[in-house]
Amino acid sequence: MLTKLTTANVKISRVMTKDLVTVSLDGTVEEAVKKMVDYDVECLPVIDAKGVLHGLVTFRDIVVKVVYPSTKTRESKVEKIMSKRLVTCNLNSTMLDVVKIMKNKYLRRIPVVDTKNKLVGLVTDFDLALFGWDFK
């Protein structure tokens, strides 16, 4: 029981992915797809020139909002299709806080932002699953 309590209180800054692949607010869907394929990621945080988080664009967003309705993919802007109503956490959030949010809101990933909403990381269900394992 003590181990679970200790793990639950671990700060999310120890678990999150910090070296993120992002797309700019005025980036194209084509650019987003290229980054997703090149870096093998399913989600890109959408940031402005100052690094402030404005949304997330997922592979599913692209398929549902661009590919399926046969929209012009090359000219489409990520700002038009990204998820804008985001649930975020901060560096002081605990693993327990994040797990509860993910479970209750059915989320697989949560951006981590600072007090100015600047993106500093991303925590995924995979990050949480791997916590405590040593893959050196």
# chains A, B, ... in the order shown; residues from 1 in each chain; ligands from 1
>>> residues_around(residues="segment 21-24 of chain A", least_positions_apart="3", cutoff="7 Å", atoms="only C-alpha atoms", output="ChimeraX atom specification")
/A:27,32,44-48
>>> select_by_dssp(residues="chain A", states="strand (DSSP E)", output="VMD selection string")
chain A and resid 23 to 24 43 to 47 53 to 58 109 to 113 119 to 124
>>> write_last_selection(atoms="C-alpha atoms", output="PDB file, in the first residue's frame")
ATOM      1  CA  VAL A  23       3.377  22.057 -35.142  1.00  0.00           C
ATOM      2  CA  SER A  24       2.847  25.797 -35.387  1.00  0.00           C
ATOM      3  CA  CYS A  43      -0.525  13.613 -31.702  1.00  0.00           C
ATOM      4  CA  LEU A  44       1.071  17.039 -32.158  1.00  0.00           C
ATOM      5  CA  PRO A  45       0.666  19.929 -29.740  1.00  0.00           C
ATOM      6  CA  VAL A  46      -0.159  23.127 -31.659  1.00  0.00           C
ATOM      7  CA  ILE A  47       1.845  26.094 -30.371  1.00  0.00           C
ATOM      8  CA  LEU A  53      -0.241  25.807 -26.325  1.00  0.00           C
ATOM      9  CA  HIS A  54      -3.353  26.447 -28.441  1.00  0.00           C
ATOM     10  CA  GLY A  55      -4.536  22.932 -29.207  1.00  0.00           C
ATOM     11  CA  LEU A  56      -3.718  19.341 -30.121  1.00  0.00           C
ATOM     12  CA  VAL A  57      -4.031  17.772 -33.546  1.00  0.00           C
ATOM     13  CA  THR A  58      -4.293  13.997 -33.666  1.00  0.00           C
ATOM     14  CA  ARG A 109      -2.734  12.157 -23.410  1.00  0.00           C
ATOM     15  CA  ILE A 110      -2.565  15.417 -21.470  1.00  0.00           C
ATOM     16  CA  PRO A 111      -0.334  18.408 -22.299  1.00  0.00           C
ATOM     17  CA  VAL A 112       1.729  19.799 -19.420  1.00  0.00           C
ATOM     18  CA  VAL A 113       1.864  23.610 -19.307  1.00  0.00           C
ATOM     19  CA  LEU A 119       3.856  23.870 -23.362  1.00  0.00           C
ATOM     20  CA  VAL A 120       6.545  22.089 -21.314  1.00  0.00           C
ATOM     21  CA  GLY A 121       5.673  18.433 -21.886  1.00  0.00           C
ATOM     22  CA  LEU A 122       3.088  15.802 -22.667  1.00  0.00           C
ATOM     23  CA  VAL A 123       2.067  12.855 -20.520  1.00  0.00           C
ATOM     24  CA  THR A 124       0.478   9.840 -22.189  1.00  0.00           C
TER      25      THR A 124
END
>>> select_by_dssp(residues="chain A", states="helix (DSSP H, G or I)", output="MDAnalysis selection string")
chainID A and resid 2:8 12:14 29:39 59:67 78:81 95:105 125:130
>>> closest_residue(among="A:Ser70, A:Glu75, A:Glu42, A:Leu128", to="Asp97 of chain A", atoms="only C-alpha atoms")
A:Leu128
>>> residues_around(residues="Thr94 of chain A", least_positions_apart="2", cutoff="7 Å", atoms="only C-alpha atoms", output="list of chain:residue names")
A:Ala8, A:Asn9, A:Val10, A:Lys11, A:Ile12, A:Asn92, A:Leu96, A:Asp97, A:Val98
>>> closest_residue(among="A:Lys65, A:Arg14, A:Lys105, A:Leu25", to="Val52 of chain A", atoms="only C-alpha atoms")
A:Leu25
>>> closest_residue(among="A:Gly51, A:Thr7, A:Arg85, A:Lys116", to="Leu20 of chain A", atoms="only C-alpha atoms")
A:Gly51
>>> residues_around(residues="Val78 of chain A", least_positions_apart="3", cutoff="6 Å", atoms="only C-alpha atoms", output="PyMOL selection string")
chain A and resi 27-29+81-82
